[in-house]
Amino acid sequence: MHHEWVSLIVCATARPFFSVENRVSWYIIMTEQLPSYLDVLNDEQRRAVLHTGNPLLILAGAGSGKTRVITTKIAWLIREQGVDPRSILAVTFTNKAAREMAERARLIDERASNAMLRTFHSFGAWFLRRNGAAGGLSSNFVIYDDDDSLALLAAILEGEPRAELRSIANSIARAKDYFLSPDDPEIDLIDPRAKFRTAYAQYEERLNRIGNVDFGDLIKKPVEILRGVPEVARRFRERFRVIMVDEYQDANIAQSQLLSELYSPGAYLCVVGDDDQSIYSFRGAEVQNILDFPETFANSDIVRLERNYRSTAPILRAAASVVDHNTGRLGKTLRAERGDGKMPVLAFLPDQDEEAAFCAELIGTGTAGKNARAVPYSDWAIVYRTNAQSLGFETEFLRRKIPYRVVGSLKFYEREEVKDTLALLSFLVNPRDEVAFRRMVNKPSRGVGPATVSRIIEKAMSLKLSVNFDTQPHSAQGANLALTAQSMRHELSSKAGAGIAAFLKAVEAGRAMLAEDSADNDEHEGEEKPASRKPPKSVSGLRSGEGLSACVVALAEESGIAEYHLTNDEISGNQRLANLQEVANAASLYAASQDGLLEFLEHIELDRSMGENAADDNNAVTLITLHNTKGLEFRRVIMTGIEQGIFPRDDKHDEDLEEERRLFYVGATRAMDELYLTSCAERRMYGRTSPMEPSVFLREIDRDTLRIVGNAPYGFAAGFSATHSANTDGAYTQRRGEQLQRGYSPNGYPQNKASSDGRWSLGDKVYHDDNGYGYIQQIRESADGPVVKVRFESGQEKQFLSHHQSSHYTKIRED
DNA sequence: TAGTTTTAAGTTTTT
DNA sequence: CTTAAAACTA
């Protein structure tokens, strides 16, 4: 009888579940009652799990259960193959994926929690913390984010324009992605400017001196150490006998080099990926890694997972019909195991406000008939190309009281007051941190101007050369800025000297809150604090709790940062203080020691999703960028802003356009049951409203898989033949001709022959004070009256409101 | 110099 | 429209 109940469940779950809750109960049943947890796998999945020996490449289509394969494989290796969990290394790209993998593997076998499941960058940080000395890096390094890198670069290239700095910083990051050093001949492929090469070299030199690392270093430096120190390489190759990589299509050159260095013949290597989901080439990801896998690793095997258990057939067809336009893909056919379902809906809407309202309407009512709230909010995801697009939905949802959560754009750690505090903490742990020093030594104002700061830093650099260089040629350590500043006090003005003293006093106050570390031990929970370390009395109202939070509060108070932000900004001062309190609260989970502080800072740098996961069980709509959706799934997905210039951006061509297409594919394949696409006729950007064209992707979709609603532009109207191809030039030109005849505007939306106020007609010649002569190309009605679009002889187009700016335009009579 | 006002520039996408 | 950098004044 009990057995029947089990098989009933198994029967009902013949189609694997994908929601977390279901998955949990399902695995428990399977592992307890059935002969093997492998029974839930299909043939290909099982083949992938049971595979041993040669390197394995798993080509896993969207929704084909790749995470299940990886986690099951980890458990199977431990259980059936007697593999020591500690010898397993599995790397992912996102913290979320790493967490999910660890959790799911542990559900099958508890021992999986001893395996090393990390993101690439977190693994790199872990590696460097222990083996950095072999490369001249001391273990108290702090990780610089992009802002910090930019600040350092700005200090090196004084007076360089902002845009130039950003461009160089970007090139430096890219160079590291490709494992290129300043003296590499291939560096020109990244950026041929000599300026870049010297800047990169200077940046590296300065960063070494500071003793911190940037994101790229977390991958690049471990590879250098593994190559340069055979002893370290041997140790790591001996330890990691199994190496697995998720989302391999997103690995960059440096990351694949890291894998090569860790891998040794005799170990087992398994990578999982999907070339159709490669969406990070702008960040150095190389699809070539996955395409070249068979050559890079001799005798490798390939398993394809092509059964999709997530989406219904029409959704999958629509997604595939877009990515099919790409050339240069491995090519695969996903089968929809769930069979038929609802047709995706393509909605044409007037503007972004209507778009937000449309989404709210869908979500508010649900599609479950009369029972308006049968569909939980959490079933829905609003997906967009750029973070800025979330704003419109947020305001609309706020107004309608629809609960939502925004994924990824959490700018908490970028806030000024938070960065200030983190800079102080960084300086505490590494007093060579020039960037932190520059940022905080005169904040709040202490009379320490740029001239003084430069003198201190130059002095420190000269100290480094005369004192440390000869004795420690390989450690490349810079001087302690706190000590240098202290020693220079007598040669500074009294004002500057007093300012320095105040700054150093604040740093000392923070340091006093830290316990000495006992050698290399793990941090001790609940160690008692010496009586001397009592939290200071609070001026600003910040409260210190457990552990490290006392240190954070002491720093914020003593440095005057708390007071500065509280009094400086009357409107948001309290919010700023609350943010500081939030930092202190987060710190309370860490030990009040140097090691605890390092852990805290590393955690913040590598995982900024703080609090987002806690909201997982909340019943809220998800607002998320296309890139962030990778690896996720939702019952109902609305892809918004499918307009030319937004998605794809109009500077995308060839390779880049193909990547945008893959992005479309990723977004659409997140949907399980229902998919909606929205496209607006006009959109406000930079405060201005501009007309939009439907995305080329909408012309590429197999029209038979769509239901079109709303005010469709020409070529999309109901009943229009779906069998045309926008790629055929002739057909396209013909349609353009027809559409103009029928009174459609060039962007495909209906237009008027003359403005309703009678002032302008299509084809009129006009003169503009600044832009010269031009012709009226388009007239349409908006909420603010007629909008006239002019194409000037220069080729540029402008538009204006008829009643508004007509004073600048003069109508020219032509016979 | 510090704190203000004015002007220009900008939005991909992320560990 | 929002944000950051240059420009300006007390």
# chains A, B, ... in the order shown; residues from 1 in each chain; ligands from 1
call {"tool": "closest_atom_pairs", "arguments": {"of": "chain B", "to": "chain A", "cutoff": "10 Å", "atoms": "only C-alpha atoms (C1' of nucleotides)", "output": "Markdown table"}}
result
| residue | atom | partner | partner_atom | distance |
| --- | --- | --- | --- | --- |
| B:DT1 | C1' | A:Gly449 | CA | 8.2 |
| B:DA2 | C1' | A:Ser445 | CA | 8.6 |
| B:DA9 | C1' | A:Ala163 | CA | 9.8 |
| B:DG10 | C1' | A:Tyr686 | CA | 8.3 |
| B:DT11 | C1' | A:Ala388 | CA | 7.1 |
| B:DT12 | C1' | A:Thr386 | CA | 6.1 |
| B:DT13 | C1' | A:His627 | CA | 6.2 |
| B:DT14 | C1' | A:Arg283 | CA | 8.1 |
| B:DT15 | C1' | A:His121 | CA | 6.4 |
call {"tool": "write_last_selection", "arguments": {"atoms": "N, CA and C atoms (P, O5', C5', C4', C3', O3' and C1' of nucleotides)", "output": "short mmCIF file (atom, residue, chain, number, x, y, z; two decimals), in the first residue's frame"}}
result
data_model
loop_
_atom_site.label_atom_id
_atom_site.label_comp_id
_atom_site.auth_asym_id
_atom_site.auth_seq_id
_atom_site.Cartn_x
_atom_site.Cartn_y
_atom_site.Cartn_z
P DT B 1 45.03 73.82 -0.73
"O5'" DT B 1 43.51 73.74 -0.31
"C5'" DT B 1 42.91 75.03 -0.05
"C4'" DT B 1 41.67 74.84 0.79
"C3'" DT B 1 40.76 73.69 0.40
"O3'" DT B 1 40.08 73.28 1.57
"C1'" DT B 1 39.66 75.70 -0.08
P DA B 2 39.40 71.98 1.84
"O5'" DA B 2 37.89 72.49 1.88
"C5'" DA B 2 37.52 73.46 2.85
"C4'" DA B 2 36.10 73.90 2.62
"C3'" DA B 2 35.12 72.78 2.27
"O3'" DA B 2 33.92 73.00 3.00
"C1'" DA B 2 35.10 74.41 0.55
P DA B 9 29.75 66.89 -23.38
"O5'" DA B 9 29.91 65.41 -22.81
"C5'" DA B 9 30.24 65.20 -21.46
"C4'" DA B 9 29.37 64.08 -20.93
"C3'" DA B 9 28.92 63.09 -22.00
"O3'" DA B 9 29.44 61.82 -21.67
"C1'" DA B 9 27.14 63.67 -20.55
P DG B 10 29.45 60.64 -22.68
"O5'" DG B 10 28.82 59.53 -21.73
"C5'" DG B 10 28.57 59.83 -20.37
"C4'" DG B 10 27.42 58.97 -19.84
"C3'" DG B 10 27.01 57.84 -20.76
"O3'" DG B 10 26.53 56.81 -19.93
"C1'" DG B 10 25.17 59.22 -20.49
P DT B 11 27.57 55.85 -19.21
"O5'" DT B 11 26.74 54.55 -19.37
"C5'" DT B 11 25.53 54.77 -19.95
"C4'" DT B 11 24.76 53.59 -20.32
"C3'" DT B 11 24.30 53.75 -21.76
"O3'" DT B 11 24.62 52.59 -22.54
"C1'" DT B 11 22.45 53.53 -20.24
P DT B 12 26.33 51.92 -22.13
"O5'" DT B 12 26.27 51.39 -20.60
"C5'" DT B 12 26.08 50.02 -20.32
"C4'" DT B 12 24.63 49.66 -20.33
"C3'" DT B 12 24.35 48.40 -19.57
"O3'" DT B 12 23.03 48.46 -19.09
"C1'" DT B 12 24.13 47.97 -21.90
P DT B 13 22.64 47.90 -17.82
"O5'" DT B 13 22.93 46.45 -18.36
"C5'" DT B 13 22.74 45.32 -17.61
"C4'" DT B 13 23.21 44.12 -18.42
"C3'" DT B 13 24.32 43.39 -17.69
"O3'" DT B 13 23.69 42.43 -16.87
"C1'" DT B 13 24.71 43.50 -20.06
P DT B 14 23.68 42.75 -15.33
"O5'" DT B 14 25.00 41.97 -14.92
"C5'" DT B 14 25.14 40.62 -15.25
"C4'" DT B 14 26.40 40.11 -14.61
"C3'" DT B 14 26.54 40.47 -13.14
"O3'" DT B 14 27.17 39.39 -12.47
"C1'" DT B 14 28.32 41.41 -14.33
P DT B 15 26.94 39.23 -10.91
"O5'" DT B 15 28.26 38.40 -10.50
"C5'" DT B 15 28.55 37.18 -11.14
"C4'" DT B 15 30.03 36.89 -10.98
"C3'" DT B 15 30.56 37.14 -9.57
"O3'" DT B 15 31.33 36.01 -9.15
"C1'" DT B 15 31.86 38.33 -11.14
#
call {"tool": "interface_residues", "arguments": {"of": "chain C", "to": "chain A", "cutoff": "9 Å", "atoms": "only C-alpha atoms (C1' of nucleotides)", "output": "list in words"}}
result
DC1, DT2 and DA5 of chain C
call {"tool": "write_last_selection", "arguments": {"atoms": "C-alpha atoms (C1' of nucleotides)", "output": "CSV table (one decimal), in the first residue's frame"}}
result
chain,number,residue,atom,x,y,z
C,1,DC,C1',15.6,62.8,-16.6
C,2,DT,C1',19.3,61.7,-13.5
C,5,DA,C1',32.2,66.7,-13.6
call {"tool": "residues_around", "arguments": {"residues": "C:DA6", "least_positions_apart": "4", "cutoff": "10 Å", "atoms": "only C-alpha atoms (C1' of nucleotides)", "output": "VMD selection string"}}
result
chain B and resid 6 to 8
call {"tool": "write_last_selection", "arguments": {"atoms": "all heavy atoms", "output": "PDB file, in the first residue's frame"}}
result
ATOM      1  P    DT B   6      22.784  78.518 -11.018  1.00  0.00           P
ATOM      2  OP1  DT B   6      22.426  79.893 -11.379  1.00  0.00           O
ATOM      3  OP2  DT B   6      21.738  77.545 -10.656  1.00  0.00           O
ATOM      4  O5'  DT B   6      23.661  77.892 -12.189  1.00  0.00           O
ATOM      5  C5'  DT B   6      24.885  78.542 -12.554  1.00  0.00           C
ATOM      6  C4'  DT B   6      25.625  77.670 -13.557  1.00  0.00           C
ATOM      7  O4'  DT B   6      26.111  76.465 -12.919  1.00  0.00           O
ATOM      8  C3'  DT B   6      24.774  77.219 -14.751  1.00  0.00           C
ATOM      9  O3'  DT B   6      25.478  77.525 -15.937  1.00  0.00           O
ATOM     10  C2'  DT B   6      24.620  75.718 -14.546  1.00  0.00           C
ATOM     11  C1'  DT B   6      25.884  75.372 -13.779  1.00  0.00           C
ATOM     12  N1   DT B   6      25.793  74.140 -12.941  1.00  0.00           N
ATOM     13  C2   DT B   6      26.735  73.138 -13.089  1.00  0.00           C
ATOM     14  O2   DT B   6      27.654  73.196 -13.875  1.00  0.00           O
ATOM     15  N3   DT B   6      26.565  72.062 -12.260  1.00  0.00           N
ATOM     16  C4   DT B   6      25.561  71.888 -11.327  1.00  0.00           C
ATOM     17  O4   DT B   6      25.506  70.880 -10.643  1.00  0.00           O
ATOM     18  C5   DT B   6      24.603  72.955 -11.231  1.00  0.00           C
ATOM     19  C7   DT B   6      23.472  72.870 -10.250  1.00  0.00           C
ATOM     20  C6   DT B   6      24.758  74.034 -12.029  1.00  0.00           C
ATOM     21  P    DT B   7      24.855  77.404 -17.351  1.00  0.00           P
ATOM     22  OP1  DT B   7      25.344  78.537 -18.148  1.00  0.00           O
ATOM     23  OP2  DT B   7      23.408  77.175 -17.195  1.00  0.00           O
ATOM     24  O5'  DT B   7      25.523  76.071 -17.886  1.00  0.00           O
ATOM     25  C5'  DT B   7      26.953  75.992 -17.973  1.00  0.00           C
ATOM     26  C4'  DT B   7      27.355  74.555 -18.233  1.00  0.00           C
ATOM     27  O4'  DT B   7      27.039  73.742 -17.092  1.00  0.00           O
ATOM     28  C3'  DT B   7      26.650  73.901 -19.426  1.00  0.00           C
ATOM     29  O3'  DT B   7      27.631  73.460 -20.333  1.00  0.00           O
ATOM     30  C2'  DT B   7      25.867  72.744 -18.823  1.00  0.00           C
ATOM     31  C1'  DT B   7      26.663  72.469 -17.553  1.00  0.00           C
ATOM     32  N1   DT B   7      25.916  71.787 -16.477  1.00  0.00           N
ATOM     33  C2   DT B   7      26.435  70.634 -15.931  1.00  0.00           C
ATOM     34  O2   DT B   7      27.481  70.141 -16.284  1.00  0.00           O
ATOM     35  N3   DT B   7      25.668  70.073 -14.932  1.00  0.00           N
ATOM     36  C4   DT B   7      24.458  70.550 -14.458  1.00  0.00           C
ATOM     37  O4   DT B   7      23.869  69.969 -13.565  1.00  0.00           O
ATOM     38  C5   DT B   7      23.975  71.765 -15.075  1.00  0.00           C
ATOM     39  C7   DT B   7      22.684  72.351 -14.627  1.00  0.00           C
ATOM     40  C6   DT B   7      24.714  72.321 -16.049  1.00  0.00           C
ATOM     41  P    DA B   8      27.360  73.014 -21.777  1.00  0.00           P
ATOM     42  OP1  DA B   8      28.292  73.716 -22.669  1.00  0.00           O
ATOM     43  OP2  DA B   8      25.900  73.066 -22.010  1.00  0.00           O
ATOM     44  O5'  DA B   8      27.797  71.473 -21.713  1.00  0.00           O
ATOM     45  C5'  DA B   8      29.076  71.141 -21.210  1.00  0.00           C
ATOM     46  C4'  DA B   8      29.105  69.668 -20.875  1.00  0.00           C
ATOM     47  O4'  DA B   8      28.265  69.414 -19.723  1.00  0.00           O
ATOM     48  C3'  DA B   8      28.576  68.759 -21.993  1.00  0.00           C
ATOM     49  O3'  DA B   8      29.435  67.653 -22.080  1.00  0.00           O
ATOM     50  C2'  DA B   8      27.192  68.345 -21.491  1.00  0.00           C
ATOM     51  C1'  DA B   8      27.453  68.284 -19.993  1.00  0.00           C
ATOM     52  N9   DA B   8      26.251  68.379 -19.167  1.00  0.00           N
ATOM     53  C8   DA B   8      25.274  69.341 -19.221  1.00  0.00           C
ATOM     54  N7   DA B   8      24.317  69.169 -18.353  1.00  0.00           N
ATOM     55  C5   DA B   8      24.684  68.020 -17.669  1.00  0.00           C
ATOM     56  C6   DA B   8      24.076  67.313 -16.620  1.00  0.00           C
ATOM     57  N6   DA B   8      22.925  67.681 -16.049  1.00  0.00           N
ATOM     58  N1   DA B   8      24.703  66.203 -16.165  1.00  0.00           N
ATOM     59  C2   DA B   8      25.857  65.840 -16.739  1.00  0.00           C
ATOM     60  N3   DA B   8      26.515  66.425 -17.732  1.00  0.00           N
ATOM     61  C4   DA B   8      25.876  67.525 -18.159  1.00  0.00           C
TER      62       DA B   8
END
call {"tool": "select_by_dssp", "arguments": {"residues": "stretch 183-389 of chain A", "states": "strand (DSSP E or B)", "output": "number ranges by chain"}}
result
A: 213-214, 242-245, 252, 265, 267-273, 285, 301-305, 307-308, 335-336, 345-349, 380-384
call {"tool": "atom_distance", "arguments": {"atom1": "atom CA of A:Glu674", "atom2": "atom CA of A:Pro403"}}
result
19.9 Å
call {"tool": "select_by_dssp", "arguments": {"residues": "stretch 181-241 of chain A", "states": "alpha helix (DSSP H)", "output": "VMD selection string"}}
result
chain A and resid 187 to 190 194 to 210 217 to 228 230 to 239
call {"tool": "atom_distance", "arguments": {"atom1": "atom CA of A:Ala620", "atom2": "atom CA of A:Gly339"}}
result
28.2 Å
call {"tool": "residues_around", "arguments": {"residues": "B:DG3", "least_positions_apart": "2", "cutoff": "12 Å", "atoms": "only C-alpha atoms (C1' of nucleotides)", "output": "MDAnalysis selection string"}}
result
(chainID A and resid 445 568) or (chainID B and resid 1 5) or (chainID C and resid 8:10)
call {"tool": "write_last_selection", "arguments": {"atoms": "C-alpha atoms (C1' of nucleotides)", "output": "short mmCIF file (atom, residue, chain, number, x, y, z; two decimals), in the first residue's frame"}}
result
data_model
loop_
_atom_site.label_atom_id
_atom_site.label_comp_id
_atom_site.auth_asym_id
_atom_site.auth_seq_id
_atom_site.Cartn_x
_atom_site.Cartn_y
_atom_site.Cartn_z
CA SER A 445 37.05 67.80 5.64
CA ASN A 568 25.12 66.96 5.35
"C1'" DT B 1 39.66 75.70 -0.08
"C1'" DT B 5 25.74 76.33 -8.93
"C1'" DC C 8 32.21 79.66 -9.94
"C1'" DT C 9 31.68 82.51 -5.50
"C1'" DA C 10 32.33 83.47 -0.67
#
call {"tool": "residues_around", "arguments": {"residues": "A:Leu548", "least_positions_apart": "4", "cutoff": "8 Å", "atoms": "only C-alpha atoms (C1' of nucleotides)", "output": "ChimeraX atom specification"}}
result
/A:513-514,552,584,587-593,596-597
call {"tool": "residues_around", "arguments": {"residues": "A:Asn42", "least_positions_apart": "5", "cutoff": "10 Å", "atoms": "only C-alpha atoms (C1' of nucleotides)", "output": "PDB file with all heavy atoms, in the first residue's frame"}}
result
ATOM      1  N   ARG A  47      23.459   8.759 -18.781  1.00  0.00           N
ATOM      2  CA  ARG A  47      24.738   8.506 -19.436  1.00  0.00           C
ATOM      3  C   ARG A  47      25.772   9.539 -18.984  1.00  0.00           C
ATOM      4  O   ARG A  47      26.923   9.209 -18.717  1.00  0.00           O
ATOM      5  CB  ARG A  47      24.546   8.565 -20.960  1.00  0.00           C
ATOM      6  CG  ARG A  47      25.625   7.914 -21.761  1.00  0.00           C
ATOM      7  CD  ARG A  47      25.068   7.206 -23.018  1.00  0.00           C
ATOM      8  NE  ARG A  47      24.025   7.953 -23.707  1.00  0.00           N
ATOM      9  CZ  ARG A  47      24.262   8.915 -24.595  1.00  0.00           C
ATOM     10  NH1 ARG A  47      25.498   9.239 -24.890  1.00  0.00           N
ATOM     11  NH2 ARG A  47      23.266   9.533 -25.189  1.00  0.00           N
ATOM     12  N   ALA A  48      25.320  10.785 -18.872  1.00  0.00           N
ATOM     13  CA  ALA A  48      26.236  11.848 -18.449  1.00  0.00           C
ATOM     14  C   ALA A  48      26.685  11.637 -17.000  1.00  0.00           C
ATOM     15  O   ALA A  48      27.852  11.820 -16.675  1.00  0.00           O
ATOM     16  CB  ALA A  48      25.559  13.214 -18.596  1.00  0.00           C
ATOM     17  N   GLY A  65      17.775  20.095 -17.738  1.00  0.00           N
ATOM     18  CA  GLY A  65      18.086  19.466 -16.458  1.00  0.00           C
ATOM     19  C   GLY A  65      19.567  19.337 -16.191  1.00  0.00           C
ATOM     20  O   GLY A  65      20.008  18.370 -15.580  1.00  0.00           O
ATOM     21  N   LEU A 305      22.124  16.917 -24.182  1.00  0.00           N
ATOM     22  CA  LEU A 305      20.827  16.879 -23.508  1.00  0.00           C
ATOM     23  C   LEU A 305      19.882  17.765 -24.313  1.00  0.00           C
ATOM     24  O   LEU A 305      20.032  18.981 -24.323  1.00  0.00           O
ATOM     25  CB  LEU A 305      20.942  17.395 -22.071  1.00  0.00           C
ATOM     26  CG  LEU A 305      21.973  16.699 -21.177  1.00  0.00           C
ATOM     27  CD1 LEU A 305      21.959  17.328 -19.785  1.00  0.00           C
ATOM     28  CD2 LEU A 305      21.695  15.203 -21.066  1.00  0.00           C
ATOM     29  N   ARG A 307      16.324  17.269 -24.422  1.00  0.00           N
ATOM     30  CA  ARG A 307      14.916  17.208 -24.023  1.00  0.00           C
ATOM     31  C   ARG A 307      14.646  18.325 -23.037  1.00  0.00           C
ATOM     32  O   ARG A 307      15.237  18.388 -21.963  1.00  0.00           O
ATOM     33  CB  ARG A 307      14.616  15.875 -23.337  1.00  0.00           C
ATOM     34  CG  ARG A 307      14.761  14.694 -24.272  1.00  0.00           C
ATOM     35  CD  ARG A 307      14.074  13.504 -23.642  1.00  0.00           C
ATOM     36  NE  ARG A 307      14.841  12.288 -23.873  1.00  0.00           N
ATOM     37  CZ  ARG A 307      14.489  11.104 -23.379  1.00  0.00           C
ATOM     38  NH1 ARG A 307      13.420  11.017 -22.607  1.00  0.00           N
ATOM     39  NH2 ARG A 307      15.216  10.054 -23.627  1.00  0.00           N
TER      40      ARG A 307
END
call {"tool": "atom_distance", "arguments": {"atom1": "atom CA of A:Asp595", "atom2": "atom CA of A:Ala254"}}
result
28.3 Å
